[in-house]
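Listing of entry23.cif, mmCIF, C-alpha atoms and all ligand atoms
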data_my_file
loop_
_atom_site.label_atom_id
_atom_site.label_comp_id
_atom_site.auth_asym_id
_atom_site.auth_seq_id
_atom_site.Cartn_x
_atom_site.Cartn_y
_atom_site.Cartn_z
CA MET A 226 136.41 -2.71 148.00
CA PRO A 227 138.81 -2.66 145.04
CA SER A 228 142.15 -0.97 145.47
CA SER A 229 141.23 1.49 142.73
CA LEU A 230 138.76 2.98 145.14
CA ALA A 231 141.32 3.15 147.90
CA ALA A 232 143.28 5.47 145.63
CA SER A 233 140.41 7.95 145.38
CA PRO A 234 141.39 11.56 146.10
CA ALA A 235 141.65 12.12 149.71
CA ALA A 236 143.60 14.10 153.00
CA SER A 237 141.51 16.60 154.72
CA ALA A 238 143.75 19.42 155.85
CA ALA A 239 141.29 20.08 158.62
CA ALA A 240 141.42 16.44 159.60
CA ALA A 241 145.20 16.44 159.65
CA VAL A 242 145.26 19.44 161.95
CA ALA A 243 142.53 17.94 164.08
CA SER A 244 144.44 14.71 164.45
CA LYS A 245 147.17 16.42 166.44
CA ARG A 246 144.95 17.43 169.34
CA SER A 247 143.24 15.58 172.16
CA PHE A 248 139.78 14.20 172.85
CA ALA A 249 139.45 16.62 175.76
CA ALA A 250 137.66 19.07 173.48
CA ILE A 251 134.76 16.69 172.94
CA LYS A 252 131.96 17.45 175.31
CA ARG A 253 129.34 15.13 176.60
CA PRO A 254 125.81 16.41 175.96
CA ALA A 255 124.03 17.47 179.13
CA ALA A 256 121.26 15.34 180.61
CA ALA A 257 117.81 16.11 179.25
CA SER A 258 116.78 17.86 182.46
CA THR A 259 119.58 20.43 182.14
CA ARG A 260 119.27 21.01 178.40
CA ARG A 261 118.37 24.49 177.26
CA PRO A 262 116.17 25.28 174.27
CA ARG A 263 117.85 24.77 170.91
CA SER A 264 117.78 28.46 170.02
CA ALA A 265 119.86 29.29 173.08
CA THR A 266 122.42 26.59 172.55
CA ALA A 267 123.02 25.77 168.91
CA THR A 268 126.36 26.86 167.52
CA ALA A 269 126.24 29.43 164.77
CA SER A 270 127.45 26.95 162.20
CA ALA A 271 125.41 23.92 163.25
CA THR A 272 122.29 23.04 161.32
CA PRO A 273 119.25 22.31 163.48
CA SER A 274 118.92 18.74 164.63
CA SER A 275 116.08 16.73 163.14
CA THR A 276 115.15 15.46 166.59
CA ASP A 277 114.07 17.30 169.71
CA ALA A 278 117.20 16.14 171.46
CA THR A 279 119.73 18.89 170.97
CA PRO A 280 123.07 18.98 172.78
CA ALA A 281 123.29 21.81 175.30
CA MET A 282 126.96 22.39 174.64
CA ALA A 283 128.47 23.39 171.36
CA GLN A 284 130.24 20.36 169.93
CA PRO A 285 133.34 20.31 167.76
CA ALA A 286 132.81 19.93 164.04
CA ILE A 287 133.30 16.49 162.50
CA THR A 288 134.80 15.25 159.24
CA LEU A 289 133.49 12.03 157.71
CA CYS A 290 135.83 10.38 155.22
CA TYR A 291 134.74 7.64 152.83
CA PHE A 292 134.86 6.53 149.20
CA GLU A 293 132.31 7.85 146.70
CA VAL A 294 129.96 4.89 147.08
CA TYR A 295 127.09 4.09 149.46
CA ALA A 296 128.42 0.77 150.88
CA LYS A 297 129.54 1.67 154.43
CA GLY A 298 129.28 5.41 153.84
CA LEU A 299 125.56 6.03 153.51
CA GLN A 300 124.75 4.79 157.02
CA CYS A 301 127.27 7.19 158.59
CA ALA A 302 126.27 10.05 156.30
CA MET A 303 122.64 9.61 157.37
CA VAL A 304 123.57 9.86 161.04
CA ALA A 305 125.82 12.88 160.42
CA ALA A 306 123.25 14.66 158.26
CA HIS A 307 120.52 14.32 160.87
CA SER A 308 122.78 15.08 163.84
CA GLY A 309 122.61 18.85 163.80
CA LEU A 310 126.39 18.92 164.20
CA GLU A 311 128.58 20.94 161.89
CA TRP A 312 130.04 18.35 159.55
CA ARG A 313 132.10 18.05 156.42
CA ALA A 314 133.42 15.29 154.23
CA LYS A 315 137.03 14.65 153.23
CA SER A 316 138.65 17.38 151.26
CA ALA A 317 139.78 16.87 147.68
CA ASP A 318 143.37 16.26 148.73
CA PHE A 319 142.61 13.64 151.39
CA ASN A 320 144.87 10.67 150.73
CA PHE A 321 143.54 7.42 152.18
CA LYS A 322 146.74 5.58 151.29
CA ALA A 323 148.65 8.00 153.50
CA VAL A 324 146.55 7.23 156.57
CA LYS A 325 145.67 3.58 155.87
CA ASP A 326 148.70 2.11 157.62
CA THR A 327 149.18 4.92 160.09
CA ALA A 328 146.26 6.82 161.58
CA ALA A 329 143.37 4.59 160.41
CA PRO A 330 142.72 2.22 163.35
CA PHE A 331 141.84 -0.73 161.11
CA GLY A 332 143.38 0.44 157.86
CA GLN A 333 139.93 1.09 156.44
CA MET A 334 137.32 3.76 155.85
CA PRO A 335 134.95 5.17 156.90
CA LEU A 336 136.93 7.38 159.24
CA LEU A 337 135.60 10.10 161.50
CA TYR A 338 137.80 13.00 162.49
CA ILE A 339 136.60 15.18 165.35
CA ASP A 340 138.07 18.66 165.53
CA GLY A 341 140.27 18.66 168.59
CA ALA A 342 140.74 14.89 168.74
CA ASP A 343 144.16 13.31 168.38
CA SER A 344 143.18 10.40 166.13
CA PRO A 345 140.36 9.36 163.80
CA ILE A 346 137.68 6.85 164.69
CA GLY A 347 137.27 3.75 162.54
CA GLN A 348 134.37 1.25 162.24
CA SER A 349 131.09 2.58 160.93
CA THR A 350 129.08 1.58 164.01
CA ALA A 351 131.55 3.34 166.30
CA ILE A 352 131.37 6.41 164.08
CA ALA A 353 127.57 6.41 164.18
CA SER A 354 127.55 5.84 167.94
CA THR A 355 129.99 8.68 168.50
CA ILE A 356 128.03 11.11 166.34
CA GLY A 357 124.84 9.97 168.06
CA ARG A 358 126.34 10.64 171.50
CA MET A 359 127.83 13.99 170.56
CA SER A 360 124.53 15.17 169.11
CA ASN A 361 122.29 13.43 171.63
CA THR A 362 120.46 11.68 168.81
CA ASP A 363 121.27 8.20 170.12
CA GLY A 364 118.13 8.01 172.26
CA ALA A 365 120.22 7.86 175.42
CA ASP A 366 117.75 9.96 177.41
CA ASP A 367 115.47 6.92 177.33
CA ILE A 368 117.06 3.54 177.94
CA LYS A 369 114.49 1.77 175.74
CA ASP A 370 115.26 4.11 172.85
CA PHE A 371 118.99 3.68 173.39
CA ALA A 372 118.70 -0.10 173.45
CA MET A 373 116.56 -0.05 170.31
CA SER A 374 119.00 2.28 168.58
CA SER A 375 121.87 -0.07 169.42
CA MET A 376 119.92 -3.12 168.26
CA LEU A 377 119.06 -1.50 164.94
CA MET A 378 122.68 -0.61 164.34
CA ALA A 379 123.72 -4.21 164.96
CA GLU A 380 120.90 -5.43 162.73
CA ALA A 381 122.04 -3.07 159.98
CA GLU A 382 125.46 -4.69 160.14
CA ASP A 383 123.89 -8.15 159.82
CA LEU A 384 121.95 -6.97 156.78
CA TYR A 385 125.11 -5.52 155.28
CA ALA A 386 126.94 -8.81 155.85
CA ALA A 387 124.09 -10.74 154.20
CA MET A 388 124.31 -8.46 151.17
CA VAL A 389 128.10 -8.75 150.99
CA LYS A 390 127.80 -12.53 151.09
CA ALA A 391 125.25 -12.96 148.32
CA SER A 392 124.72 -9.82 146.28
CA PRO A 393 126.86 -8.67 143.37
CA THR A 394 128.27 -5.18 143.73
CA ALA A 395 129.38 -2.52 141.29
CA PHE A 396 132.84 -4.08 141.59
CA VAL A 397 132.26 -7.83 142.16
CA ALA A 398 130.06 -9.92 139.86
CA LEU A 399 127.61 -12.66 140.79
CA GLY A 400 129.42 -16.00 140.75
CA THR A 401 132.44 -14.69 142.64
CA GLY A 402 133.24 -16.38 145.96
CA THR A 403 130.13 -16.70 148.14
CA LYS A 404 128.09 -14.64 145.69
CA THR A 405 126.70 -17.77 144.08
CA ALA A 406 123.38 -17.92 142.24
CA GLU A 407 122.10 -20.20 145.00
CA ASN A 408 123.03 -17.77 147.81
CA HIS A 409 121.60 -14.90 145.80
CA ALA A 410 118.26 -16.67 145.40
CA LEU A 411 118.25 -17.55 149.11
CA LEU A 412 119.00 -13.93 150.02
CA TRP A 413 115.77 -12.69 148.50
CA ALA A 414 113.60 -15.74 149.16
CA GLU A 415 114.50 -16.37 152.81
CA VAL A 416 117.13 -14.15 154.39
CA MET A 417 115.47 -10.80 153.66
CA PRO A 418 111.90 -11.89 154.53
CA HIS A 419 113.20 -13.19 157.87
CA HIS A 420 115.00 -9.93 158.72
CA MET A 421 112.15 -7.71 157.54
CA GLY A 422 109.68 -9.78 159.55
CA CYS A 423 111.75 -9.26 162.71
CA LEU A 424 111.98 -5.52 162.08
CA GLU A 425 108.25 -5.23 161.37
CA LYS A 426 107.53 -6.69 164.81
CA LEU A 427 109.87 -4.22 166.53
CA LEU A 428 108.06 -1.10 165.33
CA VAL A 429 106.13 0.48 168.20
CA GLY A 430 102.42 -0.43 168.08
CA ASP A 431 100.85 0.71 164.84
CA THR A 432 103.37 3.50 164.34
CA ASP A 433 106.11 4.02 161.79
CA LYS A 434 108.73 4.43 164.54
CA PHE A 435 111.07 2.15 166.42
CA THR A 436 111.57 4.77 169.12
CA THR A 437 109.86 7.77 170.65
CA THR A 438 111.44 10.20 168.15
CA GLY A 439 111.60 7.84 165.19
CA LEU A 440 114.90 9.39 164.20
CA VAL A 441 117.51 8.03 166.58
CA SER A 442 120.95 7.27 165.19
CA GLY A 443 120.27 3.52 164.98
CA GLU A 444 117.17 4.13 162.85
CA LEU A 445 119.10 6.43 160.53
CA PHE A 446 121.97 3.95 160.27
CA LEU A 447 119.51 1.14 159.50
CA PHE A 448 117.87 3.30 156.85
CA GLY A 449 121.25 3.57 155.13
CA ILE A 450 121.47 -0.14 154.45
CA ILE A 451 117.77 -0.65 153.80
CA TYR A 452 117.92 2.06 151.15
CA GLN A 453 120.71 0.12 149.46
CA ILE A 454 118.69 -3.09 149.65
CA VAL A 455 115.61 -1.38 148.20
CA LEU A 456 117.69 -0.24 145.24
CA CYS A 457 117.93 -3.96 144.42
CA SER A 458 114.39 -4.97 145.41
CA ASP A 459 111.52 -3.11 147.06
CA ALA A 460 109.69 -6.43 147.42
CA ILE A 461 111.26 -6.62 150.88
CA PHE A 462 108.29 -4.56 152.09
CA ASP A 463 105.65 -6.94 150.71
CA ASP A 464 104.88 -8.36 154.16
CA ALA A 465 106.16 -5.40 156.16
CA PRO A 466 103.76 -2.44 155.72
CA LYS A 467 104.79 -0.63 158.91
CA LEU A 468 108.44 -0.93 157.96
CA LYS A 469 107.61 0.48 154.55
CA ALA A 470 105.91 3.48 156.23
CA TRP A 471 108.97 3.92 158.48
CA TYR A 472 111.21 3.81 155.39
CA ASN A 473 109.12 6.31 153.45
CA ARG A 474 108.95 8.69 156.40
CA ILE A 475 112.73 8.84 156.71
CA LEU A 476 113.17 8.82 152.92
CA SER A 477 111.01 11.92 152.52
CA HIS A 478 112.86 13.87 155.22
CA ALA A 479 114.67 16.88 153.73
CA LYS A 480 117.99 15.90 155.32
CA THR A 481 117.75 12.41 153.86
CA GLN A 482 116.92 13.86 150.45
CA ASP A 483 120.00 16.05 150.72
CA VAL A 484 122.23 13.04 151.30
CA LEU A 485 120.65 11.01 148.50
CA ALA A 486 120.72 13.90 146.04
CA GLY A 487 124.42 14.38 146.71
CA THR A 488 123.86 17.88 148.05
CA SER A 489 124.95 17.15 151.62
CA PRO A 490 128.60 17.72 152.61
CA MET A 491 129.20 14.09 151.61
CA GLY A 492 128.59 14.88 147.94
CA LYS A 493 127.54 12.27 145.40
CA MET A 494 127.85 8.59 146.26
CA GLY A 495 127.30 5.73 143.83
CA GLN A 496 125.22 2.57 144.20
CA TYR A 497 127.23 -0.35 145.61
CA PHE A 498 124.97 -3.45 145.68
CA ILE A 499 123.37 -4.17 142.32
CA ASN A 500 121.15 -6.73 140.61
CA PRO A 501 122.91 -9.31 138.42
N1 LIG A 601 133.81 -3.07 159.78
C1 LIG A 601 134.26 -1.91 159.04
C2 LIG A 601 134.48 -2.29 157.58
C3 LIG A 601 135.06 -1.16 156.78
C4 LIG A 601 135.42 -1.57 155.38
O1 LIG A 601 135.22 -2.72 154.96
N2 LIG A 601 135.99 -0.62 154.63
C5 LIG A 601 136.39 -0.88 153.27
C6 LIG A 601 135.44 -0.17 152.31
S1 LIG A 601 133.76 -0.69 152.47
C7 LIG A 601 137.76 -0.29 153.01
O2 LIG A 601 138.16 0.66 153.63
N3 LIG A 601 138.47 -0.86 152.03
C8 LIG A 601 139.74 -0.35 151.58
C9 LIG A 601 140.89 -1.07 152.17
O3 LIG A 601 140.70 -2.00 153.01
O4 LIG A 601 142.02 -0.72 151.79
C10 LIG A 601 133.22 -0.79 159.17
O5 LIG A 601 132.04 -1.08 159.39
O6 LIG A 601 133.60 0.38 159.09
#

Would you encode the structure as structure tokens?
Amino acid sequence: MPSSLAASPAASAAAAVASKRSFAAIKRPAAASTRRPRSATATASATPSSTDATPAMAQPAITLCYFEVYAKGLQCAMVAAHSGLEWRAKSADFNFKAVKDTAAPFGQMPLLYIDGADSPIGQSTAIASTIGRMSNTDGADDIKDFAMSSMLMAEAEDLYAAMVKASPTAFVALGTGTKTAENHALLWAEVMPHHMGCLEKLLVGDTDKFTTTGLVSGELFLFGIIYQIVLCSDAIFDDAPKLKAWYNRILSHAKTQDVLAGTSPMGKMGQYFINP
């Protein structure tokens, strides 16, 4: 990510206040057997979760901070948007440079601030896992769903790494470093078909779901990177019809459309990976 992006407007006042408190305020969702119906438990400000798994306890609001591009932000925004938690993005005066060498655990974004927590969370997978746990959208009521969710998140990171290696971005042209013409050709001819083939086999039976709900945090996180890949080539679905159905199902979801239209709390985000 170029340094010009790091200078994008940034410091959430809410996040700064939140960063002074402790993690004690973060509650663990109750086990499925003790959960009450959503209507009896949702906080006034929370939007309804897109899954049937709704946390029994009101959870603190969260603030997701990232640059105005998809890159590592879309995956987290997808998980936040479908979580049912009250969430916001960084405020206009958020200053990444101010937290980069202090509060940010790895000096990078995305960062997740939880109201009541004493420090932000770094690493997009940790952010997605935390949101998934807080909102009970991580499939953890069913160990198979949880394992699948975790696998898909790891797979999404592998796909992201493959794109970073070989695809030009809005900021780095083909021919720079490992983004050679040869690697780029290999990406689309071999790397993507291999990954899509593996994913196609993991979908449950003849369904368009990887899990019982089809909307666990790992699926939403994976959607975030696959959407970015599809912006470069939708041929990835040529031999993966079930995966295409899975993709279209999540794509057409109102909460996904909100994120993509720039009408979610995250606002507008630009395309990161591009064609040469
Ligand atoms: N492994 C990290 C990578 C995060 C990352 O690479 N962040 C970049 C933007 S995509 C960043 O913050 N760059 C600005 C900087 O390092 O100053 C994650 O998944 O969150």

Name the residues in contact with region 440-452 of chain A at a cut-off of 8 Å, using only C-alpha atoms, excluding same-chain residues fewer than 2 positions from it; report them as a PyMOL selection string. chain A and resi 275-276+296+299-301+303-304+353-354+357+362-364+370+373-378+380-381+384-385+434-436+438+454-456+472+475

Selected residue of minimal separation from ligand LIG 601 (chain A) among A:Thr327, A:Ser308, A:Thr350, A:Ser316, counting all atoms listed in the file: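 Of the candidates, the smallest distance to ligand LIG 601 (chain A) is held by A:Thr350.
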
Contacts with ligand LIG 601 (chain A) at most 10 Å, all atoms listed in the file counted, listed as a PyMOL selection string: chain A and resi 226-232+291-292+294-298+300-301+321-322+325-326+329+331-336+346-353+382+385-386+389+497

Just checking: using only C-alpha atoms, which residue out of A:Val416, A:Leu424, A:Ala470, A:Cys290 ends up closest to Lys315 (chain A)?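 Among the listed residues, the smallest separation from Lys315 (chain A) belongs to A:Cys290.
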
Using all atoms listed in the file, can you tell me which of A:Asn361, A:Pro466, A:Ser344, A:Ile356 comes closest to Trp312 (chain A)? A:Ile356

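If you look at CA of Pro285 (chain A) and CA of Asp366 (chain A), they are 21.1 Å away from each other.
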
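In terms of minimum interatomic distance to Asn500 (chain A), A:Ala398 ranks closest within A:Ala372, A:Val324, A:Ala398, A:Met282, counting all atoms listed in the file.
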
Go ahead and fit an axis-aligned box to every listed atom of region 356-360 of chain A plus 6 Å each side, and pass me the centre and edge lengths in Å, one decimal, as AutoDock Vina command-line options.
--center_x 126.3 --center_y 12.6 --center_z 168.9 --size_x 15.5 --size_y 17.2 --size_z 17.2

With distances taken over all atoms listed in the file, which residue among A:Arg474, A:Arg358, A:Arg313, A:His307 lies nearest Asp433 (chain A)?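 When distances to Asp433 (chain A) are compared using all atoms listed in the file, the smallest one comes from A:Arg474.
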
Using only C-alpha atoms, which residue out of A:Thr405, A:Gln453, A:Thr355, A:Thr437 lies closest to Leu485 (chain A)?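 Once distances to Leu485 (chain A) are computed over only C-alpha atoms, the minimum belongs to A:Gln453.
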
What's the separation between CA of Glu415 (chain A) and CA of Asp463 (chain A), in Å to one decimal place? 13.1 Å

Please indicate the distance in Å from CA of Thr403 (chain A) to CA of Phe498 (chain A), rounded to one decimal place. 14.4 Å
